[in-house]
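Enquirer: Below is structure.cif; it holds mmCIF, C-alpha atoms.
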data_start
loop_
_atom_site.label_atom_id
_atom_site.label_comp_id
_atom_site.auth_asym_id
_atom_site.auth_seq_id
_atom_site.Cartn_x
_atom_site.Cartn_y
_atom_site.Cartn_z
CA MET A 786 -54.94 3.15 -26.10
CA ARG A 787 -54.75 1.78 -22.58
CA ARG A 788 -54.46 4.45 -19.87
CA LEU A 789 -51.48 3.91 -17.62
CA ASP A 790 -52.04 6.60 -15.00
CA ASN A 791 -53.47 4.10 -12.51
CA ILE A 792 -50.47 1.75 -12.54
CA ASP A 793 -48.98 1.24 -9.09
CA LEU A 794 -45.42 2.56 -9.21
CA ARG A 795 -44.47 -0.13 -6.72
CA LEU A 796 -45.24 -2.77 -9.35
CA LEU A 797 -42.98 -1.00 -11.83
CA ARG A 798 -40.19 -0.89 -9.25
CA VAL A 799 -40.62 -4.61 -8.62
CA PHE A 800 -40.32 -5.26 -12.34
CA VAL A 801 -37.22 -3.06 -12.68
CA THR A 802 -35.58 -4.90 -9.78
CA LEU A 803 -36.49 -8.23 -11.38
CA VAL A 804 -34.84 -7.25 -14.66
CA GLU A 805 -31.70 -5.89 -13.01
CA ALA A 806 -31.43 -8.97 -10.80
CA GLY A 807 -31.57 -11.17 -13.88
CA GLY A 808 -34.32 -13.42 -12.58
CA PHE A 809 -36.60 -14.39 -9.74
CA THR A 810 -34.05 -15.88 -7.34
CA ASP A 811 -31.91 -12.77 -6.82
CA ALA A 812 -34.94 -10.47 -7.07
CA GLN A 813 -36.58 -12.33 -4.17
CA VAL A 814 -33.56 -11.54 -2.01
CA ALA A 815 -33.37 -7.91 -3.13
CA LEU A 816 -37.08 -7.30 -2.56
CA ASN A 817 -37.53 -9.64 0.42
CA LEU A 818 -40.52 -11.22 -1.33
CA SER A 819 -41.52 -14.83 -1.80
CA ALA A 820 -41.57 -16.32 -5.29
CA SER A 821 -45.36 -16.49 -5.26
CA THR A 822 -45.74 -12.84 -4.20
CA LEU A 823 -43.24 -11.71 -6.80
CA SER A 824 -45.08 -13.70 -9.48
CA THR A 825 -48.41 -12.18 -8.38
CA HIS A 826 -47.01 -8.64 -8.60
CA LEU A 827 -45.61 -9.31 -12.06
CA ALA A 828 -48.88 -10.79 -13.32
CA SER A 829 -50.78 -7.79 -11.94
CA LEU A 830 -48.47 -5.39 -13.75
CA GLU A 831 -48.83 -7.33 -16.99
CA ARG A 832 -52.63 -7.12 -16.76
CA LYS A 833 -52.54 -3.39 -16.09
CA ILE A 834 -49.99 -2.63 -18.78
CA GLY A 835 -51.47 -4.94 -21.39
CA GLY A 836 -48.68 -7.28 -22.42
CA ARG A 837 -46.26 -10.03 -21.39
CA LEU A 838 -43.11 -8.56 -19.84
CA CYS A 839 -40.97 -11.66 -19.49
CA ASP A 840 -40.88 -15.38 -20.09
CA ARG A 841 -40.33 -17.46 -16.98
CA GLY A 842 -40.34 -21.15 -16.42
CA ARG A 843 -38.07 -24.16 -16.71
CA SER A 844 -36.13 -22.51 -19.52
CA GLY A 845 -35.22 -19.65 -17.21
CA PHE A 846 -35.93 -15.93 -17.13
CA ARG A 847 -35.96 -13.89 -20.33
CA ILE A 848 -37.33 -10.39 -20.85
CA THR A 849 -39.58 -9.90 -23.89
CA PRO A 850 -39.13 -7.04 -26.38
CA PHE A 851 -42.22 -5.42 -24.86
CA GLY A 852 -40.75 -5.91 -21.39
CA ASP A 853 -37.48 -4.32 -22.48
CA ALA A 854 -39.35 -1.25 -23.72
CA VAL A 855 -41.30 -1.05 -20.44
CA TYR A 856 -38.08 -1.43 -18.43
CA LYS A 857 -36.37 1.44 -20.27
CA ALA A 858 -39.44 3.64 -20.00
CA ALA A 859 -39.73 2.86 -16.27
CA LYS A 860 -36.10 3.83 -15.71
CA GLN A 861 -36.75 7.15 -17.45
CA LEU A 862 -39.90 7.65 -15.40
CA PHE A 863 -38.11 7.07 -12.09
CA ALA A 864 -35.28 9.40 -13.13
CA SER A 865 -37.86 12.09 -13.93
CA LEU A 866 -39.59 11.55 -10.59
CA GLU A 867 -36.30 11.94 -8.74
CA GLU A 868 -35.53 15.10 -10.70
CA PHE A 869 -38.99 16.37 -9.77
CA ASP A 870 -38.32 15.69 -6.08
CA GLN A 871 -34.96 17.45 -6.27
CA ARG A 872 -36.40 20.54 -7.95
CA ILE A 873 -39.24 20.81 -5.45
CA GLY A 874 -36.78 20.34 -2.62
CA GLN A 875 -34.61 23.10 -4.04
CA GLN A 876 -37.50 25.51 -3.77
CA HIS A 877 -37.60 24.79 -0.05
CA ASP A 878 -33.80 24.90 0.21
CA GLN A 879 -33.74 21.15 0.91
CA LEU A 880 -31.75 18.29 -0.60
CA VAL A 881 -34.02 15.34 -1.37
CA GLY A 882 -34.00 12.26 -3.58
CA ARG A 883 -31.56 9.41 -4.12
CA LEU A 884 -27.83 9.74 -4.74
CA ARG A 885 -26.38 6.67 -6.46
CA ILE A 886 -22.65 6.48 -5.78
CA GLY A 887 -20.13 4.00 -7.15
CA ILE A 888 -16.59 3.50 -5.90
CA VAL A 889 -13.80 0.95 -6.15
CA ASP A 890 -13.27 -1.44 -3.26
CA GLY A 891 -10.39 -1.25 -0.82
CA VAL A 892 -10.64 2.47 -0.02
CA VAL A 893 -12.28 2.41 3.40
CA THR A 894 -8.83 2.66 5.05
CA SER A 895 -7.79 5.59 2.84
CA PRO A 896 -8.17 8.95 4.61
CA GLU A 897 -8.39 10.65 1.22
CA LEU A 898 -10.67 8.25 -0.67
CA GLY A 899 -12.74 6.64 2.08
CA LEU A 900 -16.28 7.92 1.57
CA GLN A 901 -17.38 7.58 5.15
CA THR A 902 -16.27 11.08 6.20
CA ALA A 903 -17.55 12.80 3.06
CA ILE A 904 -20.91 11.02 3.36
CA GLY A 905 -21.13 11.98 7.03
CA HIS A 906 -20.61 15.67 6.26
CA PHE A 907 -22.97 15.54 3.27
CA MET A 908 -25.77 13.96 5.31
CA GLU A 909 -25.60 16.76 7.87
CA ARG A 910 -27.39 18.94 5.32
CA ALA A 911 -29.06 16.15 3.30
CA LYS A 912 -31.06 14.23 5.88
CA GLU A 913 -33.83 13.49 3.37
CA VAL A 914 -31.48 12.00 0.77
CA THR A 915 -31.22 8.24 0.28
CA ILE A 916 -27.68 6.98 -0.40
CA ASP A 917 -27.26 4.04 -2.79
CA LEU A 918 -23.62 2.92 -2.60
CA MET A 919 -22.08 0.32 -4.93
CA LEU A 920 -18.57 -1.17 -5.01
CA ALA A 921 -17.27 -2.17 -8.45
CA THR A 922 -14.21 -2.31 -10.68
CA PRO A 923 -13.16 0.83 -12.56
CA HIS A 924 -14.46 -0.68 -15.82
CA ASP A 925 -17.88 -1.42 -14.31
CA LEU A 926 -18.03 2.05 -12.72
CA GLU A 927 -17.39 3.73 -16.06
CA ARG A 928 -20.09 1.66 -17.69
CA ALA A 929 -22.50 2.44 -14.85
CA ILE A 930 -22.02 6.21 -15.15
CA THR A 931 -22.29 6.11 -18.93
CA ASP A 932 -25.44 3.96 -18.84
CA GLY A 933 -27.06 6.10 -16.17
CA GLN A 934 -26.96 3.41 -13.46
CA ARG A 935 -24.92 5.67 -11.13
CA ASP A 936 -25.00 9.44 -10.54
CA ILE A 937 -21.36 9.81 -9.51
CA VAL A 938 -18.47 7.31 -9.43
CA ILE A 939 -15.00 7.51 -7.88
CA GLY A 940 -11.96 5.51 -8.93
CA PRO A 941 -8.91 5.28 -11.24
CA LEU A 942 -10.98 5.97 -14.37
CA SER A 943 -9.79 6.15 -17.97
CA GLN A 944 -11.21 9.62 -18.86
CA ARG A 945 -12.47 8.57 -22.27
CA ALA A 946 -16.19 9.22 -22.46
CA PRO A 947 -16.93 12.61 -24.08
CA ASN A 948 -20.24 13.07 -22.22
CA ILE A 949 -18.63 12.53 -18.78
CA SER A 950 -16.91 15.11 -16.57
CA TYR A 951 -13.84 13.87 -14.67
CA VAL A 952 -12.72 15.71 -11.53
CA PRO A 953 -9.31 14.79 -10.03
CA ILE A 954 -9.69 13.77 -6.39
CA PHE A 955 -6.47 12.16 -5.20
CA ALA A 956 -3.33 10.43 -6.48
CA GLU A 957 -3.19 7.18 -4.50
CA PRO A 958 0.32 5.79 -3.76
CA ASN A 959 0.82 2.09 -4.62
CA ALA A 960 3.69 -0.27 -3.85
CA LEU A 961 4.77 -3.83 -4.64
CA TYR A 962 4.41 -6.25 -1.70
CA CYS A 963 5.21 -9.77 -0.60
CA GLY A 964 3.91 -11.67 2.42
CA ARG A 965 5.82 -12.74 5.51
CA GLU A 966 6.19 -16.32 4.25
CA HIS A 967 7.51 -15.24 0.84
CA PRO A 968 11.19 -16.01 0.01
CA LEU A 969 11.87 -12.29 -0.58
CA PHE A 970 10.55 -11.15 2.79
CA ASP A 971 13.96 -11.22 4.52
CA VAL A 972 16.16 -10.57 1.48
CA PRO A 973 18.17 -7.31 1.68
CA ALA A 974 16.71 -4.62 -0.56
CA ALA A 975 19.86 -4.37 -2.66
CA LYS A 976 19.51 -8.02 -3.71
CA ILE A 977 15.89 -7.71 -4.84
CA ASP A 978 16.62 -7.22 -8.52
CA HIS A 979 14.68 -7.89 -11.71
CA GLU A 980 15.64 -11.59 -11.73
CA ALA A 981 14.45 -12.06 -8.14
CA LEU A 982 11.08 -10.53 -8.96
CA ALA A 983 10.76 -12.48 -12.22
CA ARG A 984 11.12 -15.75 -10.30
CA SER A 985 8.23 -14.85 -7.98
CA PRO A 986 4.67 -15.74 -9.00
CA PHE A 987 2.87 -12.47 -9.69
CA SER A 988 -0.77 -11.55 -8.94
CA VAL A 989 -2.19 -8.81 -11.13
CA ARG A 990 -5.29 -6.65 -10.91
CA ALA A 991 -7.04 -7.77 -14.06
CA TYR A 992 -8.97 -4.54 -14.61
CA ARG A 993 -5.67 -2.72 -15.13
CA ASN A 994 -5.14 -4.67 -18.37
CA PHE A 995 -1.95 -6.20 -17.00
CA ASP A 996 -0.24 -2.84 -16.47
CA ASP A 997 1.04 -4.30 -13.19
CA LEU A 998 3.21 -6.72 -15.18
CA TYR A 999 4.70 -3.97 -17.29
CA ARG A 1000 5.62 -1.88 -14.26
CA VAL A 1001 8.19 -4.47 -13.14
CA ASP A 1002 8.77 -6.12 -16.53
CA HIS A 1003 7.48 -9.41 -15.14
CA PRO A 1004 7.14 -12.25 -17.67
CA ARG A 1005 3.70 -13.55 -16.73
CA ALA A 1006 0.74 -13.39 -14.38
CA SER A 1007 0.26 -16.39 -12.10
CA ALA A 1008 -2.97 -15.06 -10.56
CA THR A 1009 -5.57 -12.41 -11.34
CA VAL A 1010 -7.92 -10.56 -9.01
CA MET A 1011 -10.64 -7.95 -9.29
CA GLN A 1012 -10.77 -6.76 -5.66
CA MET A 1013 -8.14 -5.46 -3.28
CA GLU A 1014 -9.24 -7.88 -0.56
CA ALA A 1015 -8.51 -10.77 -2.93
CA GLN A 1016 -5.12 -9.27 -3.79
CA SER A 1017 -4.30 -8.94 -0.10
CA MET A 1018 -5.20 -12.58 0.50
CA LEU A 1019 -2.92 -13.82 -2.27
CA ILE A 1020 0.00 -11.70 -1.07
CA LEU A 1021 -0.55 -12.78 2.53
CA SER A 1022 -0.41 -16.42 1.40
CA GLY A 1023 3.33 -15.97 0.93
CA ARG A 1024 3.21 -17.34 -2.62
CA TYR A 1025 2.70 -14.19 -4.66
CA ILE A 1026 3.97 -10.67 -5.06
CA GLY A 1027 1.62 -7.94 -6.22
CA PHE A 1028 0.68 -4.26 -6.06
CA LEU A 1029 -1.55 -2.77 -3.39
CA PRO A 1030 -2.48 0.79 -2.40
CA ARG A 1031 -0.09 1.83 0.35
CA HIS A 1032 -2.86 2.54 2.86
CA ILE A 1033 -3.69 -1.19 2.64
CA GLY A 1034 -0.25 -2.74 2.24
CA ASP A 1035 1.51 -0.57 4.80
CA GLY A 1036 -1.14 -1.49 7.35
CA PHE A 1037 -0.18 -5.15 6.96
CA ALA A 1038 3.53 -4.23 6.90
CA GLU A 1039 3.25 -2.45 10.26
CA ARG A 1040 2.00 -5.73 11.71
CA GLY A 1041 4.87 -7.68 10.18
CA LEU A 1042 2.63 -9.48 7.68
CA MET A 1043 3.87 -7.84 4.47
CA ARG A 1044 6.87 -6.03 3.11
CA ALA A 1045 7.05 -3.33 0.44
CA LEU A 1046 9.62 -4.38 -2.19
CA ARG A 1047 11.87 -1.51 -3.28
CA PRO A 1048 9.07 1.10 -3.13
CA GLU A 1049 11.49 3.81 -4.27
CA ILE A 1050 11.74 1.93 -7.58
CA HIS A 1051 8.44 0.09 -7.95
CA GLY A 1052 6.07 2.55 -6.32
CA PHE A 1053 3.65 4.62 -8.39
CA GLN A 1054 0.61 6.83 -7.98
CA SER A 1055 -2.85 5.99 -9.28
CA GLN A 1056 -4.96 9.05 -10.05
CA HIS A 1057 -8.54 8.76 -8.82
CA PHE A 1058 -11.33 10.83 -10.32
CA ALA A 1059 -14.93 11.60 -9.50
CA ALA A 1060 -17.01 11.28 -12.65
CA TYR A 1061 -20.55 12.36 -13.47
CA ARG A 1062 -22.54 12.99 -16.64
CA LYS A 1063 -22.09 16.50 -18.01
CA ARG A 1064 -25.82 16.98 -18.27
CA ASP A 1065 -26.04 16.46 -14.48
CA ALA A 1066 -23.53 19.23 -13.70
CA ASN A 1067 -26.26 21.35 -12.08
CA SER A 1068 -27.81 18.49 -10.10
CA PRO A 1069 -28.32 19.72 -6.52
CA LEU A 1070 -27.12 16.41 -5.06
CA ILE A 1071 -23.94 16.23 -7.13
CA SER A 1072 -23.28 19.93 -6.58
CA ALA A 1073 -23.47 19.33 -2.83
CA PHE A 1074 -21.65 15.99 -2.65
CA LEU A 1075 -18.68 16.65 -4.96
CA PRO A 1076 -17.21 19.48 -2.83
CA GLU A 1077 -17.32 17.17 0.19
CA LEU A 1078 -15.25 14.60 -1.70
CA ARG A 1079 -12.66 17.19 -2.66
CA ARG A 1080 -12.54 18.75 0.80
CA GLN A 1081 -12.02 15.35 2.43
CA ALA A 1082 -9.13 14.47 0.12
CA GLN A 1083 -7.50 17.87 0.60
CA ARG A 1084 -8.00 17.85 4.36
CA ALA A 1085 -6.50 14.39 4.73
CA ALA A 1086 -3.53 15.25 2.51
CA ILE A 1087 -2.73 18.22 4.75
CA LEU A 1088 -2.99 16.19 7.98
CA ILE A 1089 -0.92 13.20 6.80
CA PRO A 1090 2.86 13.71 7.17
CA THR A 1091 4.81 13.39 3.91
#
Turn the structure described in the file into structure tokens.
Expert:
Amino acid sequence: MRRLDNIDLRLLRVFVTLVEAGGFTDAQVALNLSASTLSTHLASLERKIGGRLCDRGRSGFRITPFGDAVYKAAKQLFASLEEFDQRIGQQHDQLVGRLRIGIVDGVVTSPELGLQTAIGHFMERAKEVTIDLMLATPHDLERAITDGQRDIVIGPLSQRAPNISYVPIFAEPNALYCGREHPLFDVPAAKIDHEALARSPFSVRAYRNFDDLYRVDHPRASATVMQMEAQSMLILSGRYIGFLPRHIGDGFAERGLMRALRPEIHGFQSQHFAAYRKRDANSPLISAFLPELRRQAQRAAILIPT
């Protein structure tokens, strides 16, 4: 059996990046390597490991069954190495390793959900920790935490996976908005009834499975988005109405660019959770980072007038 203890871990990391990038083009950008260098690294790893890891050529990139097994084993190896680093760091009362965080977009302006403050406080005592931050939809975040691609994720999650712990962080207020050029912008609130809303093209957040439509009993979606920036753009166009978190929509409203439509009727709260795998409950990094998330949300809720 071929000994593998002399394999350069850097080559394995290159291969893992290549697989997760789905091919050479995106992997070159992620690794800042030329195609020839990337190909040389891959060929070197294949020689050392004793098998073809992927097919590449005019037909495109495709991982082989052997390559898939190596990829999964490499992911387990890197996870074990990070756990090793964390345990050694614990003995010296230090936080070390990599913390992979996932969060929905459009929260940077939220005092409660914006990670910037929590990360700042966390890094005061975790200077040796590497932060890996990803923005994604709630569906993609739940898949990433279940598959082990993220260590902790924050968003309006479904709370379904039995092996995942869900910690309530903050109930985010949402409202229905139109843009300044929309026909409803100057209509008195009392005249904005169901018929008026039903006549307005509606933009929905697709990852909510069209719950936005049901909230106002709207007949159909005229646009779909996956990010809050895209939703803001469509509403600002003056052609669509749609839901936004209030920390986003009210910011535009204060500048006269949007209007909340009957928020006392159409407003709702979206519960955000922090989720992590139950087996990672004693992880030093999660144990240190999660309290910062909760403290930030609680601190901001106290400071913001109701």
Enquirer: Between A:Ala1073, A:Gln934, A:Leu823, A:Val801, which one has atoms that come closest to A:Leu918, using all atoms listed in the file?
Expert: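 Under the stated criterion, the closest residue is A:Gln934.
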Enquirer: Distance atom CA of A:Arg984-atom CA of A:Leu969, one decimal place?
Expert: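 Answer for the atom CA of A:Arg984 to atom CA of A:Leu969 separation: 10.3 Å.
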Enquirer: Excluding A:Leu794 and its own-chain neighbours fewer than 6 positions away, which residues fall within 10 Å of it when counting all atoms listed in the file? Please give them as a PyMOL selection string.
Expert: chain A and resi 800+830+859+862-863
Enquirer: Generate the output file for the selected residues, C-alpha atoms, as an mmCIF file, in the coordinates of the input.
Expert:
data_model
loop_
_atom_site.group_PDB
_atom_site.id
_atom_site.type_symbol
_atom_site.label_atom_id
_atom_site.label_comp_id
_atom_site.auth_asym_id
_atom_site.auth_seq_id
_atom_site.Cartn_x
_atom_site.Cartn_y
_atom_site.Cartn_z
ATOM 1 C CA PHE A 800 -40.320 -5.260 -12.340
ATOM 2 C CA LEU A 830 -48.470 -5.390 -13.750
ATOM 3 C CA ALA A 859 -39.730 2.860 -16.270
ATOM 4 C CA LEU A 862 -39.900 7.650 -15.400
ATOM 5 C CA PHE A 863 -38.110 7.070 -12.090
#
Enquirer: Closest to A:Gly836 among A:Met1013, A:Ile977, A:Ala854, A:Leu961, using only C-alpha atoms?
Expert: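 Of A:Met1013, A:Ile977, A:Ala854, A:Leu961, the one nearest A:Gly836 is A:Ala854, counting only C-alpha atoms.
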Enquirer: Quick one: residues within 10 Å of A:Lys912, all atoms listed in the file, excluding same-chain residues fewer than 3 positions away - as a list in words?
Expert: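 Using all atoms listed in the file, the neighbours found are Gln879, Leu880, Val881, Phe907, Met908, Glu909 and Thr915 of chain A.
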Enquirer: Using the chain letters and numbers from the file, give me the residues hit by the PyMOL selection byres ((chain A and resi 970) around 10), as a list in words.
Expert: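 Listing what the PyMOL selection byres ((chain A and resi 970) around 10) selects in the shown file: Tyr962, Cys963, Gly964, Arg965, Glu966, His967, Pro968, Leu969, Asp971, Val972, Pro973, Ala974, Ile977, Gly1023, Gly1041, Leu1042, Met1043, Arg1044, Ala1045 and Leu1046 of chain A.
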Enquirer: Starting from the PyMOL selection byres ((chain A and resi 986) around 12), expand the selection into actual residues of this file and give them as a ChimeraX atom specification.
Expert: /A:962-963,967-969,981-985,987-989,998,1003-1009,1019-1020,1022-1027
Enquirer: Here is a test: counting only C-alpha atoms, which residue of A:Ser821, A:Asp793, A:Arg841, A:Leu1078 is nearest to A:Gly808?
Expert: A:Arg841
Enquirer: Please expand the PyMOL selection byres ((chain A and resi 932) around 12) into the concrete residues it hits in this file, giving the result as a list of chain:residue names.
Expert: A:Lys857, A:Lys860, A:Gln861, A:Asp925, A:Leu926, A:Glu927, A:Arg928, A:Ala929, A:Ile930, A:Thr931, A:Gly933, A:Gln934, A:Arg935, A:Asp936, A:Ile937, A:Ala946, A:Asn948, A:Ile949, A:Tyr1061, A:Arg1062
Enquirer: Just checking: using only C-alpha atoms, which residue out of A:Ser1017, A:Pro958, A:Thr802, A:Phe1074 ends up closest to A:Val814?
Expert: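 For A:Val814, the nearest of the candidates is A:Thr802.
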Enquirer: Give the answer as one residue: which of A:Leu838, A:Thr922, A:Gly940, A:Ile954 has the shortest atom-to-atom distance to A:Arg990, using all atoms listed in the file?
Expert: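 Closest candidate: A:Thr922.
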Enquirer: Using all atoms listed in the file, pick whichever of A:Arg795, A:Lys976, A:Arg837, A:Arg1080 has the shortest atom-to-atom distance to A:Pro953.
Expert: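 Selected residue with least distance to A:Pro953: A:Arg1080.
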Enquirer: Which value, in Å to one decimal, gives the distance between atom CA of A:Arg1047 and atom CA of A:Leu898?
Expert: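 Separating atom CA of A:Arg1047 from atom CA of A:Leu898 is a distance of 24.7 Å.
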Enquirer: Emit stretch 894-910 of chain A of the structure in the block as a file comprising C-alpha atoms, as a JSON list (two decimals), in the first residue's frame.
Expert:
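And here's result-v3.json as it stands now:
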[["chain", "number", "residue", "atom", "x", "y", "z"],
["A", 894, "THR", "CA", -27.23, 47.79, 8.44],
["A", 895, "SER", "CA", -28.99, 45.83, 11.20],
["A", 896, "PRO", "CA", -27.67, 46.73, 14.67],
["A", 897, "GLU", "CA", -28.89, 43.36, 15.95],
["A", 898, "LEU", "CA", -27.84, 41.06, 13.10],
["A", 899, "GLY", "CA", -24.85, 42.84, 11.58],
["A", 900, "LEU", "CA", -21.86, 40.65, 12.36],
["A", 901, "GLN", "CA", -19.29, 43.41, 12.30],
["A", 902, "THR", "CA", -19.61, 44.28, 16.00],
["A", 903, "ALA", "CA", -19.78, 40.67, 17.19],
["A", 904, "ILE", "CA", -16.75, 39.75, 15.07],
["A", 905, "GLY", "CA", -14.84, 42.77, 16.41],
["A", 906, "HIS", "CA", -15.45, 41.75, 20.02],
["A", 907, "PHE", "CA", -14.70, 38.09, 19.28],
["A", 908, "MET", "CA", -11.37, 38.91, 17.62],
["A", 909, "GLU", "CA", -10.22, 40.83, 20.69],
["A", 910, "ARG", "CA", -9.64, 37.45, 22.34]]
